[in-house]
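Printed here is target_25.cif (mmCIF, C-alpha atoms and all ligand atoms):
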data_model
#
loop_
_atom_site.label_atom_id
_atom_site.label_comp_id
_atom_site.auth_asym_id
_atom_site.auth_seq_id
_atom_site.Cartn_x
_atom_site.Cartn_y
_atom_site.Cartn_z
CA MET K 687 -35.31 48.24 -0.38
CA PRO K 688 -33.69 45.55 1.79
CA ALA K 689 -29.92 45.79 2.16
CA LEU K 690 -28.00 43.47 -0.12
CA ARG K 691 -26.17 40.72 1.69
CA ALA K 692 -22.96 39.15 0.44
CA VAL K 693 -23.63 35.61 -0.68
CA ALA K 694 -21.10 32.97 0.34
CA VAL K 695 -20.21 31.13 -2.86
CA ARG K 696 -18.89 27.61 -2.59
CA TYR K 697 -16.85 26.27 -5.43
CA GLN K 698 -16.85 22.53 -5.13
CA ALA K 699 -17.59 19.55 -2.94
CA VAL K 700 -14.35 18.05 -1.68
CA PRO K 701 -14.56 14.26 -1.41
CA GLY K 702 -12.69 12.10 1.05
CA ALA K 703 -9.65 10.19 -0.22
CA GLY K 704 -7.44 7.30 0.77
CA PRO K 705 -7.10 3.54 0.41
CA LYS K 706 -10.39 1.76 -0.38
CA LYS K 707 -10.09 -0.38 2.77
CA ALA K 708 -8.11 1.94 5.05
CA PRO K 709 -8.20 0.66 8.64
CA ILE K 710 -8.23 4.22 10.03
CA MET K 711 -10.48 7.05 8.85
CA LEU K 712 -9.82 10.62 9.94
CA VAL K 713 -12.81 12.93 9.89
CA GLY K 714 -12.24 16.69 9.86
CA GLU K 715 -14.74 19.53 9.89
CA GLN K 716 -14.96 20.88 6.36
CA PRO K 717 -12.55 21.74 3.54
CA GLY K 718 -10.71 25.05 3.95
CA ASP K 719 -9.85 27.69 1.37
CA GLN K 720 -6.99 25.72 -0.18
CA GLU K 721 -8.85 22.43 -0.12
CA ASP K 722 -11.76 24.10 -1.90
CA LEU K 723 -9.42 25.34 -4.64
CA ALA K 724 -7.53 22.05 -4.94
CA GLY K 725 -10.55 19.74 -4.55
CA GLU K 726 -8.58 17.68 -2.05
CA ALA K 727 -8.88 17.36 1.74
CA PHE K 728 -6.16 18.59 4.11
CA VAL K 729 -3.77 20.15 1.61
CA GLY K 730 -3.64 23.58 3.33
CA PRO K 731 -2.13 24.72 6.66
CA ALA K 732 -4.24 22.30 8.74
CA GLY K 733 -3.06 19.45 6.51
CA LYS K 734 0.58 20.47 6.96
CA LEU K 735 0.12 20.43 10.73
CA LEU K 736 -1.55 17.04 10.40
CA ASP K 737 1.53 15.79 8.52
CA ARG K 738 3.68 16.72 11.53
CA VAL K 739 1.28 14.82 13.82
CA PHE K 740 1.44 11.78 11.51
CA GLU K 741 5.21 11.86 11.61
CA ALA K 742 5.32 12.11 15.42
CA ALA K 743 2.78 9.26 15.73
CA GLN K 744 4.69 7.18 13.15
CA LEU K 745 1.70 6.90 10.93
CA GLU K 746 1.85 7.14 7.15
CA ARG K 747 -0.65 9.51 5.60
CA ARG K 748 -0.99 7.31 2.52
CA THR K 749 -2.47 4.52 4.70
CA ILE K 750 -5.25 6.73 6.11
CA TYR K 751 -8.62 7.66 4.63
CA LEU K 752 -9.06 11.40 5.10
CA THR K 753 -12.45 13.05 4.89
CA ASN K 754 -14.64 15.77 6.37
CA ALA K 755 -17.99 15.93 8.15
CA VAL K 756 -19.12 18.66 5.75
CA LYS K 757 -18.01 18.48 2.15
CA HIS K 758 -18.13 22.18 1.20
CA PHE K 759 -16.08 25.14 2.36
CA LYS K 760 -18.34 27.57 4.20
CA TRP K 761 -16.93 31.06 4.31
CA GLU K 762 -17.65 34.76 4.46
CA PRO K 763 -15.78 37.48 2.61
CA ARG K 764 -13.28 39.50 4.65
CA GLY K 765 -11.58 41.93 2.30
CA LYS K 766 -9.98 39.76 -0.36
CA ARG K 767 -9.90 36.72 1.88
CA ARG K 768 -12.45 33.95 2.36
CA LEU K 769 -12.85 33.54 6.07
CA HIS K 770 -13.81 30.12 7.43
CA LYS K 771 -17.27 29.85 9.03
CA THR K 772 -18.19 26.96 11.28
CA PRO K 773 -20.91 24.84 9.64
CA ALA K 774 -24.35 24.80 11.26
CA GLN K 775 -25.58 21.53 12.75
CA ARG K 776 -28.20 21.24 9.97
CA GLU K 777 -25.33 21.36 7.44
CA VAL K 778 -23.48 18.65 9.37
CA GLU K 779 -26.65 16.55 9.35
CA ALA K 780 -27.25 17.15 5.64
CA CYS K 781 -23.74 15.90 4.83
CA HIS K 782 -23.98 12.90 7.14
CA TYR K 783 -25.40 10.86 4.26
CA TRP K 784 -22.03 11.12 2.48
CA LEU K 785 -20.04 10.20 5.55
CA GLU K 786 -22.24 7.12 5.99
CA LYS K 787 -21.51 6.15 2.38
CA GLU K 788 -17.78 6.49 3.00
CA LEU K 789 -17.99 4.43 6.21
CA ALA K 790 -19.99 1.72 4.45
CA ALA K 791 -17.46 1.52 1.61
CA VAL K 792 -14.18 1.79 3.53
CA LYS K 793 -15.29 -0.01 6.72
CA PRO K 794 -12.55 1.46 8.91
CA LYS K 795 -11.88 -0.22 12.23
CA VAL K 796 -11.09 3.10 13.87
CA ILE K 797 -12.47 6.57 13.22
CA VAL K 798 -10.49 9.55 14.48
CA ALA K 799 -12.73 12.58 14.97
CA LEU K 800 -10.81 15.84 14.60
CA GLY K 801 -12.61 18.42 16.73
CA ALA K 802 -16.19 19.06 17.77
CA THR K 803 -17.93 19.16 14.38
CA ALA K 804 -16.44 15.81 13.37
CA LEU K 805 -17.37 14.30 16.73
CA LYS K 806 -20.99 15.45 16.45
CA SER K 807 -21.23 14.07 12.96
CA VAL K 808 -19.61 10.71 13.72
CA LEU K 809 -21.78 10.13 16.81
CA ARG K 810 -24.83 11.75 15.18
CA ASP K 811 -25.22 13.72 18.35
CA GLY K 812 -25.39 17.49 18.03
CA LYS K 813 -24.85 17.78 21.78
CA ALA K 814 -21.62 15.73 21.97
CA LYS K 815 -18.91 17.68 23.80
CA LEU K 816 -15.29 17.67 22.67
CA GLY K 817 -14.03 18.16 26.25
CA ASP K 818 -15.74 14.94 27.40
CA MET K 819 -14.14 12.84 24.68
CA LEU K 820 -10.67 14.26 24.06
CA GLY K 821 -7.97 11.62 23.89
CA LYS K 822 -10.45 8.84 24.65
CA ALA K 823 -11.61 5.84 22.67
CA ILE K 824 -15.26 4.82 22.72
CA GLU K 825 -17.11 2.09 20.90
CA HIS K 826 -19.75 3.33 18.52
CA GLU K 827 -21.79 1.17 16.15
CA GLY K 828 -19.21 -1.60 16.17
CA ARG K 829 -16.19 0.66 15.64
CA TRP K 830 -13.70 2.53 17.74
CA VAL K 831 -13.96 6.31 17.77
CA VAL K 832 -10.99 8.30 19.06
CA THR K 833 -11.37 12.05 19.51
CA VAL K 834 -8.59 14.61 19.28
CA TYR K 835 -8.30 18.34 18.61
CA HIS K 836 -8.75 19.71 15.15
CA PRO K 837 -5.37 20.76 13.70
CA SER K 838 -6.67 24.30 13.05
CA TYR K 839 -7.14 24.70 16.80
CA ILE K 840 -3.43 24.09 17.28
CA LEU K 841 -2.63 26.65 14.58
CA ARG K 842 -4.73 29.23 16.45
CA VAL K 843 -3.49 28.62 20.01
CA PRO K 844 -1.45 31.67 21.03
CA ASP K 845 0.80 30.24 23.72
CA GLU K 846 3.54 27.72 23.15
CA GLU K 847 2.78 25.45 26.09
CA THR K 848 -0.92 24.96 25.27
CA ARG K 849 0.02 24.40 21.65
CA HIS K 850 2.52 21.77 22.68
CA GLN K 851 -0.05 20.01 24.92
CA ALA K 852 -2.69 20.05 22.19
CA PHE K 853 -0.19 18.66 19.68
CA ASN K 854 0.59 15.82 22.09
CA VAL K 855 -3.11 15.03 22.52
CA MET K 856 -3.27 14.57 18.75
CA VAL K 857 -0.13 12.43 18.61
CA GLU K 858 -1.28 10.22 21.50
CA GLY K 859 -4.74 9.92 19.92
CA LEU K 860 -3.24 8.67 16.67
CA LYS K 861 -1.01 6.23 18.53
CA LEU K 862 -4.09 4.97 20.39
CA ALA K 863 -5.92 4.59 17.07
CA GLN K 864 -3.11 2.31 15.84
CA GLN K 865 -3.18 0.22 19.03
CA LEU K 866 -6.94 -0.23 18.71
CA LEU K 867 -6.50 -1.91 15.34
CA GLU K 868 -5.47 -4.97 17.33
CA ARG K 869 -8.55 -4.87 19.55
CA GLN K 870 -12.04 -5.85 18.54
CA PRO K 871 -14.77 -3.49 19.76
CA GLU K 872 -17.66 -5.23 21.46
CA GLU K 873 -20.38 -6.30 19.09
CA PRO K 874 -23.38 -3.99 19.37
CA ALA K 875 -25.79 -5.31 22.01
CA ALA K 876 -28.49 -7.55 20.53
CA GLN K 877 -31.82 -5.77 20.26
CA GLY K 878 -34.51 -7.14 22.54
CA GLY K 879 -37.91 -8.05 21.17
CA SER K 880 -40.36 -10.87 20.92
N1 LIG K 901 -9.89 21.54 7.86
C1 LIG K 901 -10.68 20.45 7.79
O1 LIG K 901 -11.42 20.12 8.71
N2 LIG K 901 -10.62 19.73 6.69
C2 LIG K 901 -9.82 20.01 5.67
O2 LIG K 901 -9.84 19.28 4.67
C3 LIG K 901 -9.00 21.16 5.78
C4 LIG K 901 -9.06 21.92 6.87
#

Can you present the structure in this file as structure tokens?
Ligand code: URA
Amino acid sequence: MPALRAVAVRYQAVPGAGPKKAPIMLVGEQPGDQEDLAGEAFVGPAGKLLDRVFEAAQLERRTIYLTNAVKHFKWEPRGKRRLHKTPAQREVEACHYWLEKELAAVKPKVIVALGATALKSVLRDGKAKLGDMLGKAIEHEGRWVVTVYHPSYILRVPDEETRHQAFNVMVEGLKLAQQLLERQPEEPAAQGGS
């Protein structure tokens, strides 16, 4: 008989939230344990870290639309805990439909991608590399996209100096996002054709 495998149970989809016409949309990876229980994005440890970044960047959380690339918490059991598992690219792609809906409704001027999964989802490019984009702004489909670390990365970094640097990358990224609200991205190039 085949060995029984533990099945990862998800409880609920966690929707994005924020002002209907927020000028900045932050995209994370997926809800965590606490977000899954609360049904709300960024209410756990990563959200608390994000609050410190908002404060340092002088940005008010209530003005931002917060969402995730993947809407369910993916986890595996580890004793009594539910341990986060990185979503597969096919899961990111499957959830992209919902992110597109949010983008179409909110129409943010600037998207801030938090970490690699968010970046891949926002650019619809499974090969996009976080290291190439960190702290930078690019134009994508008529919007600005700024990429910073995911707050959970900062929570995991063991040494103080790297943690401090990563925190600053996030703060500077959010300051840049605010500056870009004053700048119009180039219109997408007109498609050729006869
Ligand atoms: N990490 C995320 O990417 N999103 C959340 O909502 C919480 C933790």

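CA of Arg810 (chain K) lies 28.1 Å from CA of Lys734 (chain K).
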
Kindly provide, as an mmCIF file with C-alpha atoms, in the coordinates of the input, all nucleotide and amino acid residues lying within 6 Å of ligand LIG 901 (chain K), counting all atoms listed in the file.
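Output (part13.cif):
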data_model
loop_
_atom_site.group_PDB
_atom_site.id
_atom_site.type_symbol
_atom_site.label_atom_id
_atom_site.label_comp_id
_atom_site.auth_asym_id
_atom_site.auth_seq_id
_atom_site.Cartn_x
_atom_site.Cartn_y
_atom_site.Cartn_z
ATOM 1 C CA GLY K 714 -12.240 16.690 9.860
ATOM 2 C CA GLU K 715 -14.740 19.530 9.890
ATOM 3 C CA GLN K 716 -14.960 20.880 6.360
ATOM 4 C CA PRO K 717 -12.550 21.740 3.540
ATOM 5 C CA GLY K 718 -10.710 25.050 3.950
ATOM 6 C CA GLU K 721 -8.850 22.430 -0.120
ATOM 7 C CA ALA K 727 -8.880 17.360 1.740
ATOM 8 C CA PHE K 728 -6.160 18.590 4.110
ATOM 9 C CA ALA K 732 -4.240 22.300 8.740
ATOM 10 C CA ASN K 754 -14.640 15.770 6.370
#

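Proximity of K:Ala774, K:Gly859, K:Leu745, K:Cys781 to Val700 (chain K), computed with only C-alpha atoms, is greatest for K:Cys781.
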
What are the nearest atom pairs, with distances in Å to one decimal, for all residues of region 748-835 of chain K that come at most 12 Å from region 735-743 of chain K, using only C-alpha atoms, set out by chain and rising residue number as a tab-separated table?
residue	atom	partner	partner_atom	distance
K:Arg748	CA	K:Phe740	CA	10.3
K:Thr749	CA	K:Phe740	CA	10.7
K:Ile750	CA	K:Phe740	CA	10.0
K:Leu752	CA	K:Leu736	CA	10.8
K:Leu800	CA	K:Leu736	CA	10.2
K:Val834	CA	K:Val739	CA	11.3
K:Tyr835	CA	K:Leu736	CA	10.7

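Counting all atoms listed in the file and comparing K:Tyr697, K:Tyr751, K:Trp830, K:Phe759, the residue that lies closest to Leu866 (chain K) is K:Trp830.
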
>> Using all atoms listed in the file, which protein or nucleic acid residues come within 12 Å of Arg869 (chain K)? Drop anything in the same chain fewer than 5 positions from it, and give the result as a PyMOL selection string.
In response: chain K and resi 795-796+823+825+828-830+862-864

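You can rank K:Leu867, K:Val756, K:Val778, K:Val857 by their closest distance to Ile710 (chain K) using all atoms listed in the file, and at the top of that list sits K:Leu867.
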
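If you measure from each of K:Asp719, K:Val798, K:Glu858, K:Lys813 to Leu769 (chain K) using all atoms listed in the file, the closest one turns out to be K:Asp719.
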
> Near Ala802 (chain K), counting only C-alpha atoms, which residues have an atom at most 8 Å away, once you skip same-chain residues fewer than 6 positions from it, shown as a PyMOL selection string?
Replying inline: chain K and resi 814-816+835-836

Take the selection from the previous step and output its residues with C-alpha atoms, as an mmCIF file, in the frame of the given file.
data_model
loop_
_atom_site.group_PDB
_atom_site.id
_atom_site.type_symbol
_atom_site.label_atom_id
_atom_site.label_comp_id
_atom_site.auth_asym_id
_atom_site.auth_seq_id
_atom_site.Cartn_x
_atom_site.Cartn_y
_atom_site.Cartn_z
ATOM 1 C CA ALA K 814 -21.620 15.730 21.970
ATOM 2 C CA LYS K 815 -18.910 17.680 23.800
ATOM 3 C CA LEU K 816 -15.290 17.670 22.670
ATOM 4 C CA TYR K 835 -8.300 18.340 18.610
ATOM 5 C CA HIS K 836 -8.750 19.710 15.150
#

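When CA of Lys787 (chain K) is paired with CA of Gly702 (chain K), their separation reads 10.7 Å.
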
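Residues in contact with Gln775 (chain K) at up to 9 Å, not including ones fewer than 3 positions away on its chain and judged by only C-alpha atoms, are K:Val778, K:Glu779, K:Ala780, K:Thr803, K:Lys806, K:Ser807, K:Gly812.
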
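Taking CA of Met819 (chain K) as the reference point, CA of Pro731 (chain K) is found at 24.7 Å.
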
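Each of K:Pro763, K:Gly817, K:Gly730, K:Pro844 was checked against Leu805 (chain K) using all atoms listed in the file; the smallest atom-to-atom distance is that of K:Gly817.
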
> Between K:Asp811, K:Leu789, K:His826, K:Ala699, which is the closest to Arg776 (chain K) once you count all atoms listed in the file?
Replying inline: K:Asp811
